[in-house]
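> Handing you a structure now.
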Amino acid sequence: MLDYQRRGTVPEKHHIVFDRPDGKGVYYEECITRRGFDGAYAILYHAFPTTDDGAVRKTTRGWSAPIAANFEDQTLRRRLFDANKVPRGGQMLDCRIPVMFNCDLVMLLANPTQSDDAYFTNGDGDELVYVYAGSGKLESSFGWLPFKEGDYVWIPKGVIHRWHLEGEGHSFLVMEARKELRIPTQFRNATGQLKMDAPYCHRDFVRPEGMAWEPSQGAGGPHTVVYKVRDKFSERTMPHHPLDIVGWDGTMYPVAFPILKFQPRIGQIHLPPTAHMTFAGEGFIVCSFVPRVTDFHPKAIPCPYPHTSVDCDEVLLYIRGNFTSRKGVGPGCMSLHPMGVPHGPHPGAYERSIGSERTDELAVMVDTFVPLDITANALALETPEYHDTWKIQPK
Ligand SMILES: [Fe+2]
């Protein structure tokens, strides 16, 4: 939830009569609210009643629920997964593969090749989708949101939408926050505005424009809308267009944030990775490592210091650049360093980094405060020898 926005036509106050311009009745208000009625909200105005739908039924659409792999396959070790091995094909609605999860977060990989032909609304939480490759537009009740490679796309819980792909080669990392996702509280001032020393400003965010439906389209149905709650998918048929919106306002709408708009912090000596925090959820944070100059103390060691972060699991998606602290990893690799297991630069990387002045790395990190379970899908992507790549080879 970023800031207040308004699009289209809305009445002078909420919850009052909104006459249709043709004199044939009124528009129908829909309030999407968080935390009961105490949190962020958006108010949308529909041409047709939102409850005018067909029976809810089971569906074959959607993706598989996250299920932990056998316990004996989950020995505590540093792991590396290759997201490039995820099969390519299908629609975003169907092709996601859950790879890691806990009670707060599900992480999924998707390499779709087709635009969605059905609408979807996720009742399990906010989605933060990192666009690792590809571009297109997100169609939703709030209008059209363009996205491109390197964008985070944040879709609040309960927003009806479809992914429209442009071109080929799309790859996504989906982070499904089981509770709310937010801008870190410390980035805002008392009025809610982003502070001047926040790592981004309001202008950096891309917001939806236009409307997905025009009154000239009429009812425009029927359309299928797929719902997910507790990882169970169902669908209903709307006799009219589900995005029949003439106007909306509020603070809860999809946004995109280009990762390279993130303003990195630099220290005289090495700052902890939390200095790169970009988004926060309940029980996890998302950090962006972007190209930057490195630490400037004359004796600085720009490489991350070895650490045992005993209270969090750490997932890192390597996107591009020279990952100075690692060997054997490349774009599309995703590491998991579980809590309680020490990790840090590979042998030699620590020393080699001394004196360097820049890093061109681009990576997304997710720290979770409850251990992650690994799915069988993730094991199929794993490079099993990764844990042992820290061994110092005898000279
Ligand atoms: Fe770490």
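Within each chain, counting starts at residue 1; across the structure tokens, chains are named A, B, ... in the order shown, with ligands numbered 1 upward in that order.
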Write out as an MDAnalysis selection string each polymer residue (protein, DNA or RNA) that has an atom no more than 8 Å from ligand 1, with only C-alpha atoms and all ligand atoms counted.
chainID A and resid 273 304 306:309 314 337 343:344
> Quick one: residues within 10 Å of stretch 380-388 of chain A, only C-alpha atoms, excluding same-chain residues fewer than 6 positions away - as a PyMOL selection string?
chain A and resi 76-86+99+327-329+333-335+337+343
> Output the selection as a PDB file, in the first residue's frame - C-alpha atoms for each residue.

```pdb
ATOM      1  CA  LEU A  76      20.361 -28.790   6.857  1.00  0.00           C
ATOM      2  CA  ARG A  77      22.873 -27.600   4.280  1.00  0.00           C
ATOM      3  CA  ARG A  78      23.634 -24.716   1.985  1.00  0.00           C
ATOM      4  CA  ARG A  79      21.682 -25.291  -1.214  1.00  0.00           C
ATOM      5  CA  LEU A  80      21.664 -24.000  -4.772  1.00  0.00           C
ATOM      6  CA  PHE A  81      18.742 -24.284  -7.163  1.00  0.00           C
ATOM      7  CA  ASP A  82      18.789 -23.513 -10.887  1.00  0.00           C
ATOM      8  CA  ALA A  83      15.627 -21.647 -11.835  1.00  0.00           C
ATOM      9  CA  ASN A  84      16.610 -21.965 -15.500  1.00  0.00           C
ATOM     10  CA  LYS A  85      15.599 -25.639 -15.287  1.00  0.00           C
ATOM     11  CA  VAL A  86      11.958 -24.781 -14.580  1.00  0.00           C
ATOM     12  CA  VAL A  99       9.840 -24.278  -4.353  1.00  0.00           C
ATOM     13  CA  LYS A 327      31.756 -19.334  -7.515  1.00  0.00           C
ATOM     14  CA  GLY A 328      29.696 -21.742  -9.553  1.00  0.00           C
ATOM     15  CA  VAL A 329      26.621 -19.534  -9.510  1.00  0.00           C
ATOM     16  CA  CYS A 333      20.641 -19.510  -9.679  1.00  0.00           C
ATOM     17  CA  MET A 334      18.886 -19.311  -6.331  1.00  0.00           C
ATOM     18  CA  SER A 335      20.721 -20.152  -3.107  1.00  0.00           C
ATOM     19  CA  HIS A 337      21.421 -20.610   3.307  1.00  0.00           C
ATOM     20  CA  HIS A 343      27.975 -19.001   5.181  1.00  0.00           C
TER      21      HIS A 343
END
```
> Find the residues near A:Gln74: any atom within 10 Å, counting only C-alpha atoms, skip ones fewer than 6 places away on the same chain, and give them as a list in words.
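The residues that qualify are Ala68, Asp373, Ile374, Thr375, Ala376 and Leu379 of chain A.
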> Residues as selected, all heavy atoms, written as a PDB file, in the first residue's frame, can you do that?

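The resulting file, part_7.pdb, is reproduced below:
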```pdb
ATOM      1  N   ALA A  68       5.932 -30.087   1.567  1.00  0.00           N
ATOM      2  CA  ALA A  68       7.335 -30.311   1.914  1.00  0.00           C
ATOM      3  C   ALA A  68       7.811 -31.651   1.368  1.00  0.00           C
ATOM      4  O   ALA A  68       7.081 -32.643   1.401  1.00  0.00           O
ATOM      5  CB  ALA A  68       7.510 -30.268   3.426  1.00  0.00           C
ATOM      6  N   ASP A 373      10.485 -24.698   4.347  1.00  0.00           N
ATOM      7  CA  ASP A 373      10.414 -26.068   3.851  1.00  0.00           C
ATOM      8  C   ASP A 373      10.740 -26.047   2.365  1.00  0.00           C
ATOM      9  O   ASP A 373      10.453 -25.076   1.658  1.00  0.00           O
ATOM     10  CB  ASP A 373       9.005 -26.654   4.048  1.00  0.00           C
ATOM     11  CG  ASP A 373       8.840 -27.268   5.424  1.00  0.00           C
ATOM     12  OD1 ASP A 373       9.763 -27.976   5.871  1.00  0.00           O
ATOM     13  OD2 ASP A 373       7.796 -27.022   6.048  1.00  0.00           O
ATOM     14  N   ILE A 374      11.291 -27.146   1.898  1.00  0.00           N
ATOM     15  CA  ILE A 374      11.669 -27.265   0.485  1.00  0.00           C
ATOM     16  C   ILE A 374      10.744 -28.284  -0.162  1.00  0.00           C
ATOM     17  O   ILE A 374      10.450 -29.324   0.425  1.00  0.00           O
ATOM     18  CB  ILE A 374      13.130 -27.731   0.378  1.00  0.00           C
ATOM     19  CG1 ILE A 374      14.031 -26.720   1.092  1.00  0.00           C
ATOM     20  CG2 ILE A 374      13.560 -27.898  -1.065  1.00  0.00           C
ATOM     21  CD1 ILE A 374      15.336 -27.301   1.510  1.00  0.00           C
ATOM     22  N   THR A 375      10.298 -27.988  -1.359  1.00  0.00           N
ATOM     23  CA  THR A 375       9.405 -28.921  -2.060  1.00  0.00           C
ATOM     24  C   THR A 375      10.216 -29.893  -2.915  1.00  0.00           C
ATOM     25  O   THR A 375      11.401 -29.655  -3.207  1.00  0.00           O
ATOM     26  CB  THR A 375       8.430 -28.156  -2.969  1.00  0.00           C
ATOM     27  OG1 THR A 375       9.188 -27.561  -4.026  1.00  0.00           O
ATOM     28  CG2 THR A 375       7.673 -27.070  -2.202  1.00  0.00           C
ATOM     29  N   ALA A 376       9.548 -30.927  -3.360  1.00  0.00           N
ATOM     30  CA  ALA A 376      10.193 -31.868  -4.278  1.00  0.00           C
ATOM     31  C   ALA A 376      10.557 -31.166  -5.585  1.00  0.00           C
ATOM     32  O   ALA A 376      11.566 -31.493  -6.219  1.00  0.00           O
ATOM     33  CB  ALA A 376       9.258 -33.052  -4.549  1.00  0.00           C
ATOM     34  N   LEU A 379      13.946 -29.706  -5.128  1.00  0.00           N
ATOM     35  CA  LEU A 379      15.020 -30.708  -5.138  1.00  0.00           C
ATOM     36  C   LEU A 379      15.415 -31.077  -6.569  1.00  0.00           C
ATOM     37  O   LEU A 379      16.578 -31.356  -6.854  1.00  0.00           O
ATOM     38  CB  LEU A 379      14.582 -31.952  -4.367  1.00  0.00           C
ATOM     39  CG  LEU A 379      14.364 -31.745  -2.861  1.00  0.00           C
ATOM     40  CD1 LEU A 379      13.878 -33.030  -2.218  1.00  0.00           C
ATOM     41  CD2 LEU A 379      15.636 -31.251  -2.184  1.00  0.00           C
TER      42      LEU A 379
END
```
> Applying 9 Å and only C-alpha atoms, which residues near A:Gly54 remain after dropping the ones on its own chain fewer than 2 positions away? List them as a VMD selection string.
chain A and resid 51 to 52 56 236 to 239
> One number please: atom CA of A:Leu44 to atom CA of A:Tyr28, in Å, one decimal.
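Taking atom CA of A:Leu44 and atom CA of A:Tyr28, their separation equals 8.1 Å.
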> Quick one: residues within 9 Å of stretch 151-153 of chain A, only C-alpha atoms, excluding same-chain residues fewer than 3 positions away - as a list of chain:residue names?
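Counting only the stated atoms, we get A:Glu127, A:Leu128, A:Val129, A:Tyr130, A:Val131, A:Tyr132, A:Leu138, A:Leu145, A:Phe147, A:Lys148, A:Pro254, A:Val255, A:Ala256, A:Phe257, A:Pro258, A:Ile259, A:Leu260.
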> Using only C-alpha atoms, which of A:Thr278, A:Thr251, A:Ser140, A:Gln5 sits nearest A:Met211?
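Residue with the minimum atom-to-atom distance to A:Met211: A:Ser140.
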> One number please: atom CA of A:Arg265 to atom CA of A:Phe279, in Å, one decimal.
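Between these atoms lies a distance of 15.3 Å.
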> Where does DSSP see strand (DSSP E) in stretch 71-154 of chain A, if you list the residues as a PyMOL selection string?
chain A and resi 79-82+97-101+105-110+119-122+126-140+143-147+151-154
> Run DSSP on the backbone and give me the residues of stretch 169-217 of chain A it puts in helix (DSSP H, G or I), as a list in words.
Thr185, Gln186, Phe187, His202, Arg203, Asp204, Pro215, Ser216 and Gln217 of chain A
> Find the residues around A:Glu214 up to 12 Å (only C-alpha atoms counted), leave out those fewer than 5 positions away in its own chain, and share them as a VMD selection string.
chain A and resid 8 46 to 47 141 143 219 to 220 241 to 247
> Write out, as an mmCIF file, in the first residue's frame, the residues just selected, with all heavy atoms.

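Saved result, again.cif, follows:
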```cif
data_model
loop_
_atom_site.group_PDB
_atom_site.id
_atom_site.type_symbol
_atom_site.label_atom_id
_atom_site.label_comp_id
_atom_site.auth_asym_id
_atom_site.auth_seq_id
_atom_site.Cartn_x
_atom_site.Cartn_y
_atom_site.Cartn_z
ATOM 1 N N GLY A 8 -10.494 7.551 -13.171
ATOM 2 C CA GLY A 8 -11.863 7.513 -13.676
ATOM 3 C C GLY A 8 -12.774 8.470 -12.926
ATOM 4 O O GLY A 8 -12.340 9.505 -12.401
ATOM 5 N N HIS A 46 -18.580 -0.232 -9.924
ATOM 6 C CA HIS A 46 -18.900 -1.193 -10.976
ATOM 7 C C HIS A 46 -20.166 -0.781 -11.724
ATOM 8 O O HIS A 46 -21.107 -0.239 -11.133
ATOM 9 C CB HIS A 46 -19.179 -2.573 -10.364
ATOM 10 C CG HIS A 46 -17.972 -3.252 -9.800
ATOM 11 N ND1 HIS A 46 -17.298 -4.237 -10.470
ATOM 12 C CD2 HIS A 46 -17.324 -3.091 -8.619
ATOM 13 C CE1 HIS A 46 -16.291 -4.672 -9.717
ATOM 14 N NE2 HIS A 46 -16.291 -3.997 -8.591
ATOM 15 N N ALA A 47 -20.184 -1.133 -13.002
ATOM 16 C CA ALA A 47 -21.385 -0.924 -13.801
ATOM 17 C C ALA A 47 -22.447 -1.970 -13.489
ATOM 18 O O ALA A 47 -23.644 -1.729 -13.671
ATOM 19 C CB ALA A 47 -21.030 -0.967 -15.285
ATOM 20 N N SER A 141 -8.705 -4.673 -12.126
ATOM 21 C CA SER A 141 -9.816 -3.759 -11.866
ATOM 22 C C SER A 141 -9.336 -2.316 -11.815
ATOM 23 O O SER A 141 -10.122 -1.383 -11.950
ATOM 24 C CB SER A 141 -10.470 -4.097 -10.524
ATOM 25 O OG SER A 141 -10.775 -5.458 -10.439
ATOM 26 N N GLY A 143 -6.985 -0.968 -13.811
ATOM 27 C CA GLY A 143 -6.478 -0.493 -15.087
ATOM 28 C C GLY A 143 -5.340 -1.346 -15.603
ATOM 29 O O GLY A 143 -5.211 -2.528 -15.256
ATOM 30 N N ALA A 219 -22.100 -5.412 -21.216
ATOM 31 C CA ALA A 219 -21.853 -6.438 -20.194
ATOM 32 C C ALA A 219 -20.601 -7.247 -20.514
ATOM 33 O O ALA A 219 -19.799 -7.567 -19.634
ATOM 34 C CB ALA A 219 -23.067 -7.358 -20.062
ATOM 35 N N GLY A 220 -20.430 -7.566 -21.808
ATOM 36 C CA GLY A 220 -19.172 -8.190 -22.235
ATOM 37 C C GLY A 220 -18.868 -9.541 -21.629
ATOM 38 O O GLY A 220 -17.719 -9.962 -21.627
ATOM 39 N N HIS A 241 -18.578 -8.400 -17.570
ATOM 40 C CA HIS A 241 -17.135 -8.244 -17.439
ATOM 41 C C HIS A 241 -16.778 -8.009 -15.964
ATOM 42 O O HIS A 241 -17.332 -7.109 -15.325
ATOM 43 C CB HIS A 241 -16.680 -7.051 -18.291
ATOM 44 C CG HIS A 241 -15.231 -7.082 -18.618
ATOM 45 N ND1 HIS A 241 -14.246 -6.977 -17.658
ATOM 46 C CD2 HIS A 241 -14.581 -7.219 -19.810
ATOM 47 C CE1 HIS A 241 -13.062 -7.040 -18.241
ATOM 48 N NE2 HIS A 241 -13.243 -7.193 -19.543
ATOM 49 N N PRO A 242 -15.836 -8.802 -15.389
ATOM 50 C CA PRO A 242 -15.524 -8.636 -13.969
ATOM 51 C C PRO A 242 -14.771 -7.337 -13.655
ATOM 52 O O PRO A 242 -14.694 -6.940 -12.506
ATOM 53 C CB PRO A 242 -14.652 -9.855 -13.648
ATOM 54 C CG PRO A 242 -14.090 -10.289 -14.953
ATOM 55 C CD PRO A 242 -15.092 -9.910 -15.998
ATOM 56 N N LEU A 243 -14.229 -6.699 -14.685
ATOM 57 C CA LEU A 243 -13.488 -5.444 -14.466
ATOM 58 C C LEU A 243 -14.310 -4.245 -14.956
ATOM 59 O O LEU A 243 -13.787 -3.306 -15.536
ATOM 60 C CB LEU A 243 -12.137 -5.485 -15.185
ATOM 61 C CG LEU A 243 -11.268 -6.719 -14.941
ATOM 62 C CD1 LEU A 243 -9.919 -6.570 -15.625
ATOM 63 C CD2 LEU A 243 -11.080 -6.987 -13.453
ATOM 64 N N ASP A 244 -15.620 -4.300 -14.724
ATOM 65 C CA ASP A 244 -16.540 -3.278 -15.222
ATOM 66 C C ASP A 244 -16.483 -2.012 -14.360
ATOM 67 O O ASP A 244 -17.492 -1.568 -13.809
ATOM 68 C CB ASP A 244 -17.968 -3.847 -15.231
ATOM 69 C CG ASP A 244 -18.382 -4.344 -13.850
ATOM 70 O OD1 ASP A 244 -17.486 -4.629 -13.024
ATOM 71 O OD2 ASP A 244 -19.592 -4.424 -13.583
ATOM 72 N N ILE A 245 -15.306 -1.417 -14.272
ATOM 73 C CA ILE A 245 -15.058 -0.308 -13.353
ATOM 74 C C ILE A 245 -15.112 1.019 -14.112
ATOM 75 O O ILE A 245 -14.499 1.166 -15.177
ATOM 76 C CB ILE A 245 -13.655 -0.461 -12.698
ATOM 77 C CG1 ILE A 245 -13.508 -1.840 -12.035
ATOM 78 C CG2 ILE A 245 -13.408 0.664 -11.697
ATOM 79 C CD1 ILE A 245 -14.489 -2.113 -10.928
ATOM 80 N N VAL A 246 -15.821 2.002 -13.533
ATOM 81 C CA VAL A 246 -15.840 3.342 -14.136
ATOM 82 C C VAL A 246 -14.956 4.311 -13.356
ATOM 83 O O VAL A 246 -14.644 5.397 -13.839
ATOM 84 C CB VAL A 246 -17.279 3.896 -14.226
ATOM 85 C CG1 VAL A 246 -18.116 3.017 -15.138
ATOM 86 C CG2 VAL A 246 -17.921 4.021 -12.839
ATOM 87 N N GLY A 247 -14.535 3.926 -12.157
ATOM 88 C CA GLY A 247 -13.653 4.788 -11.367
ATOM 89 C C GLY A 247 -13.257 4.099 -10.076
ATOM 90 O O GLY A 247 -13.920 3.143 -9.639
#
```
> Could you check the closest approach to A:Leu2 for each of A:Ile183, A:Ile266, A:Cys312, A:Leu271 and tell me which residue wins, using only C-alpha atoms?
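Using only C-alpha atoms, the shortest distance to A:Leu2 belongs to A:Ile183.
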> Considering only C-alpha atoms, can you say which of A:Asp249, A:Asp117, A:Asn70, A:Ala212 comes closest to A:Lys13?
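Checking each candidate against A:Lys13, we get A:Asp249 as the closest.
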> Report the distance between atom CA of A:Leu109 and atom CA of A:Asn377 in Å, rounded to one decimal place.
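Rounded to one decimal, the two atoms are 9.9 Å apart.
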